[in-house]
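Enquirer: Got a structure for you, questions after.
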Amino acid sequence: VFDAESMETKDTDYFRRVCDAIYTNSRGAKIFCLVHKMDLINENEREQFCKVREAQLKKIGERLDLTCFWTSIWDETLYKAWSEIVRCLISNLDTLKAKLRALCEVCEADEVVIFERATFLVIAHAVIEAHDDIHRFEKISNIIKQFKLSCNKKRAGLESLQVQNANSTVLILDFTVCTSIMLVCSDTRIRPAAVLHNIQLATEGFKPLLDDAPIAGSDVLLEPKIIPSSVPKASLLR
């Protein structure tokens, strides 16, 4: 992490030594550089600043796979940077996304999102109906984390949350050991009980990709007994 206002010689020297050590011992590693406090840089100068600073850092780490992020605590950039870093640590991300889209379609949902449980960083998501708010994940993360703090003050834990109005239903609940899942449905015919049933059935198929060692080419996700989420709730009880 570098301070946008100050990139002293000792910082670049230390970074150069780190890059040399990584190249020697783990040259396939991914390097992420966060240039922080970007809000202190004049808005009219930021584009040029980023080009110059990125060129400096990539020249130092030219033999490595290096990615730069431009961050500030005052906007969504820090959240987006860490979400991207978390996603890069997941093997078989394409497989995970494909399985998530399959779950989204079976549940007849508009969108399904998997969050890392502790930080509520976005790991992966699937969208059927696009949403206009590009900052929605950060907003949801902040809301849930604040709500968790309120629960902790009452010595209670948050396992699931359901928000429903005339236009949509949102379900947020624990998914695997390390993740939570959010599902958004705008179809009022969708039964929350059926959605929960489908999520429970799908959990085991996601565990190898999210909690355990990745299984290359795994195609386990949906079991035949998963049902359409729009069936009457009474059907679940028979």
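By order of appearance in the structure tokens: chains A, B, ..., then residues from 1 within every chain, and ligands from 1 in the order shown.
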DSSP on the backbone, then: every residue of stretch 14-201 of chain A marked strand (DSSP E), written as a PyMOL selection string.

Expert: chain A and resi 30-36+65-70+111-116+122-127+160-164+169-174+179-185

Enquirer: Could you give me, as an mmCIF file with N, CA, C and O atoms, in the first residue's frame, the residues within 12 Å of A:Ile41, counting only C-alpha atoms and dropping anything in the same chain fewer than 2 positions from it?

Expert:
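For reference, selection-v2.cif as written:
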data_model
loop_
_atom_site.group_PDB
_atom_site.id
_atom_site.type_symbol
_atom_site.label_atom_id
_atom_site.label_comp_id
_atom_site.auth_asym_id
_atom_site.auth_seq_id
_atom_site.Cartn_x
_atom_site.Cartn_y
_atom_site.Cartn_z
ATOM 1 N N ASP A 3 1.098 5.558 -0.178
ATOM 2 C CA ASP A 3 0.404 6.819 0.061
ATOM 3 C C ASP A 3 0.473 7.646 -1.214
ATOM 4 O O ASP A 3 1.564 7.889 -1.742
ATOM 5 N N ALA A 4 -0.670 8.077 -1.723
ATOM 6 C CA ALA A 4 -0.692 8.826 -2.986
ATOM 7 C C ALA A 4 0.106 10.122 -2.906
ATOM 8 O O ALA A 4 0.697 10.564 -3.888
ATOM 9 N N GLU A 5 0.124 10.737 -1.738
ATOM 10 C CA GLU A 5 0.819 12.016 -1.588
ATOM 11 C C GLU A 5 2.319 11.864 -1.385
ATOM 12 O O GLU A 5 3.074 12.796 -1.621
ATOM 13 N N SER A 6 2.732 10.704 -0.952
ATOM 14 C CA SER A 6 4.142 10.536 -0.622
ATOM 15 C C SER A 6 4.632 9.183 -1.071
ATOM 16 O O SER A 6 4.176 8.147 -0.580
ATOM 17 N N VAL A 35 -2.606 2.251 -4.261
ATOM 18 C CA VAL A 35 -2.171 3.636 -4.065
ATOM 19 C C VAL A 35 -3.339 4.341 -3.385
ATOM 20 O O VAL A 35 -4.372 4.608 -4.010
ATOM 21 N N HIS A 36 -3.157 4.633 -2.106
ATOM 22 C CA HIS A 36 -4.269 5.061 -1.254
ATOM 23 C C HIS A 36 -4.289 6.591 -1.078
ATOM 24 O O HIS A 36 -3.351 7.286 -1.417
ATOM 25 N N LYS A 37 -5.405 7.073 -0.537
ATOM 26 C CA LYS A 37 -5.651 8.500 -0.297
ATOM 27 C C LYS A 37 -5.726 9.290 -1.604
ATOM 28 O O LYS A 37 -5.243 10.436 -1.693
ATOM 29 N N MET A 38 -6.346 8.688 -2.621
ATOM 30 C CA MET A 38 -6.457 9.363 -3.911
ATOM 31 C C MET A 38 -7.343 10.603 -3.840
ATOM 32 O O MET A 38 -7.290 11.460 -4.724
ATOM 33 N N ASP A 39 -8.168 10.698 -2.804
ATOM 34 C CA ASP A 39 -9.008 11.885 -2.650
ATOM 35 C C ASP A 39 -8.186 13.142 -2.410
ATOM 36 O O ASP A 39 -8.681 14.270 -2.589
ATOM 37 N N GLU A 43 -8.614 16.434 -8.631
ATOM 38 C CA GLU A 43 -9.400 15.619 -9.563
ATOM 39 C C GLU A 43 -8.949 15.784 -11.006
ATOM 40 O O GLU A 43 -8.962 14.839 -11.794
ATOM 41 N N ASN A 44 -8.541 16.995 -11.384
ATOM 42 C CA ASN A 44 -8.097 17.253 -12.759
ATOM 43 C C ASN A 44 -6.737 16.629 -13.063
ATOM 44 O O ASN A 44 -6.365 16.499 -14.228
ATOM 45 N N GLU A 45 -6.014 16.257 -12.030
ATOM 46 C CA GLU A 45 -4.669 15.715 -12.207
ATOM 47 C C GLU A 45 -4.603 14.202 -11.996
ATOM 48 O O GLU A 45 -3.550 13.589 -12.187
ATOM 49 N N ARG A 46 -5.709 13.585 -11.610
ATOM 50 C CA ARG A 46 -5.669 12.174 -11.209
ATOM 51 C C ARG A 46 -5.311 11.239 -12.353
ATOM 52 O O ARG A 46 -4.547 10.289 -12.178
ATOM 53 N N GLU A 47 -5.880 11.472 -13.529
ATOM 54 C CA GLU A 47 -5.621 10.570 -14.647
ATOM 55 C C GLU A 47 -4.141 10.512 -14.984
ATOM 56 O O GLU A 47 -3.560 9.431 -15.140
ATOM 57 N N GLN A 48 -3.513 11.679 -15.078
ATOM 58 C CA GLN A 48 -2.085 11.730 -15.380
ATOM 59 C C GLN A 48 -1.261 11.159 -14.223
ATOM 60 O O GLN A 48 -0.279 10.444 -14.431
ATOM 61 N N PHE A 49 -1.699 11.461 -13.003
ATOM 62 C CA PHE A 49 -1.018 10.937 -11.825
ATOM 63 C C PHE A 49 -1.006 9.413 -11.839
ATOM 64 O O PHE A 49 0.018 8.777 -11.573
ATOM 65 N N CYS A 50 -2.142 8.806 -12.161
ATOM 66 C CA CYS A 50 -2.258 7.349 -12.180
ATOM 67 C C CYS A 50 -1.350 6.738 -13.244
ATOM 68 O O CYS A 50 -0.705 5.707 -13.007
ATOM 69 N N TRP A 70 -6.431 2.237 -7.336
ATOM 70 C CA TRP A 70 -6.408 3.616 -6.861
ATOM 71 C C TRP A 70 -7.551 3.782 -5.868
ATOM 72 O O TRP A 70 -8.713 3.709 -6.247
ATOM 73 N N THR A 71 -7.229 3.995 -4.607
ATOM 74 C CA THR A 71 -8.243 3.853 -3.564
ATOM 75 C C THR A 71 -8.364 5.068 -2.644
ATOM 76 O O THR A 71 -7.455 5.886 -2.530
ATOM 77 N N SER A 72 -9.513 5.130 -1.996
ATOM 78 C CA SER A 72 -9.806 6.169 -1.009
ATOM 79 C C SER A 72 -10.868 5.610 -0.059
ATOM 80 O O SER A 72 -11.709 4.812 -0.474
#

Enquirer: A:Cys185: which residues within 6 Å, counting only C-alpha atoms, same-chain residues fewer than 6 positions away excluded, as an mmCIF file with C-alpha atoms, in the first residue's frame?

Expert:
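To be explicit, this is the file written out as part-v1.cif:
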data_model
loop_
_atom_site.group_PDB
_atom_site.id
_atom_site.type_symbol
_atom_site.label_atom_id
_atom_site.label_comp_id
_atom_site.auth_asym_id
_atom_site.auth_seq_id
_atom_site.Cartn_x
_atom_site.Cartn_y
_atom_site.Cartn_z
ATOM 1 C CA ALA A 109 -34.136 -14.646 -9.449
ATOM 2 C CA ASP A 110 -32.952 -11.343 -10.890
ATOM 3 C CA SER A 168 -39.336 -7.502 -4.762
ATOM 4 C CA THR A 169 -37.958 -9.930 -2.222
#

Enquirer: Could you please write out, as a ChimeraX atom specification, every residue of stretch 12-147 of chain A that DSSP assigns to helix (DSSP H, G or I)?

Expert: /A:12-25,38-40,43-60,77-88,93-106,136-147

Enquirer: May I ask for the distance between atom CA of A:Ile22 and atom CA of A:Val1, given in Å to one decimal place?

Expert: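 Going from atom CA of A:Ile22 over to atom CA of A:Val1 covers 16.4 Å.
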
Enquirer: Can you tell me how far atom CA of A:Leu183 sits from atom CA of A:Leu171, in Å to one decimal?

Expert: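 These atoms are spaced 5.2 Å apart.
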
Enquirer: When you count only C-alpha atoms, which of these residues is closest to A:Glu111: A:Met182, A:Leu64, A:Ile143, A:Val86?

Expert: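 Of A:Met182, A:Leu64, A:Ile143, A:Val86, the one nearest A:Glu111 is A:Met182, counting only C-alpha atoms.
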
Enquirer: Might you pull out every residue within 10 Å of A:Thr67, with only C-alpha atoms counted and same-chain residues fewer than 4 positions away left off, and present them as a ChimeraX atom specification?

Expert: /A:30-34,54,57-58,61,85

Enquirer: Considering only C-alpha atoms, return as a ChimeraX atom specification whatever protein or nucleic-acid residues lie within 9 Å of A:Thr12, sequence-local ones (same chain, fewer than 5 positions apart) excluded.

Expert: /A:7,17,57,60

Enquirer: Can you write out the residues you just picked, keeping N, CA, C and O atoms, as an mmCIF file, in the first residue's frame?

Expert:
data_model
loop_
_atom_site.group_PDB
_atom_site.id
_atom_site.type_symbol
_atom_site.label_atom_id
_atom_site.label_comp_id
_atom_site.auth_asym_id
_atom_site.auth_seq_id
_atom_site.Cartn_x
_atom_site.Cartn_y
_atom_site.Cartn_z
ATOM 1 N N MET A 7 5.537 9.170 -2.010
ATOM 2 C CA MET A 7 6.174 7.921 -2.440
ATOM 3 C C MET A 7 7.673 8.111 -2.291
ATOM 4 O O MET A 7 8.405 8.440 -3.227
ATOM 5 N N ARG A 17 13.076 -4.452 -3.406
ATOM 6 C CA ARG A 17 13.644 -5.632 -2.756
ATOM 7 C C ARG A 17 12.591 -6.735 -2.602
ATOM 8 O O ARG A 17 12.885 -7.914 -2.770
ATOM 9 N N LEU A 57 5.640 1.892 -10.810
ATOM 10 C CA LEU A 57 5.516 0.639 -10.079
ATOM 11 C C LEU A 57 5.724 -0.569 -10.993
ATOM 12 O O LEU A 57 6.377 -1.547 -10.608
ATOM 13 N N ILE A 60 9.346 -1.214 -11.767
ATOM 14 C CA ILE A 60 10.041 -1.896 -10.664
ATOM 15 C C ILE A 60 9.707 -3.382 -10.656
ATOM 16 O O ILE A 60 10.578 -4.231 -10.458
#

Enquirer: Compare A:Ser141, A:Gln162, A:Ser150, A:Thr176 by their minimum atom-to-atom distance to A:Leu201, counting only C-alpha atoms, and give me the closest one.

Expert: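 Closest to A:Leu201 of all the choices is A:Thr176.
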
Enquirer: Can you list, as a ChimeraX atom specification, every protein, DNA or RNA residue that comes within 10 Å of A:Cys104 when you count only C-alpha atoms, leaving out same-chain residues fewer than 2 positions away?

Expert: /A:98-102,106-113,125-128,183-185,195,198-199

Enquirer: Find the distance between atom CA of A:Asp65 and atom CA of A:Gly28 and write it in Å to one decimal.

Expert: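 One can read the atom CA of A:Asp65 to atom CA of A:Gly28 distance as 7.5 Å.
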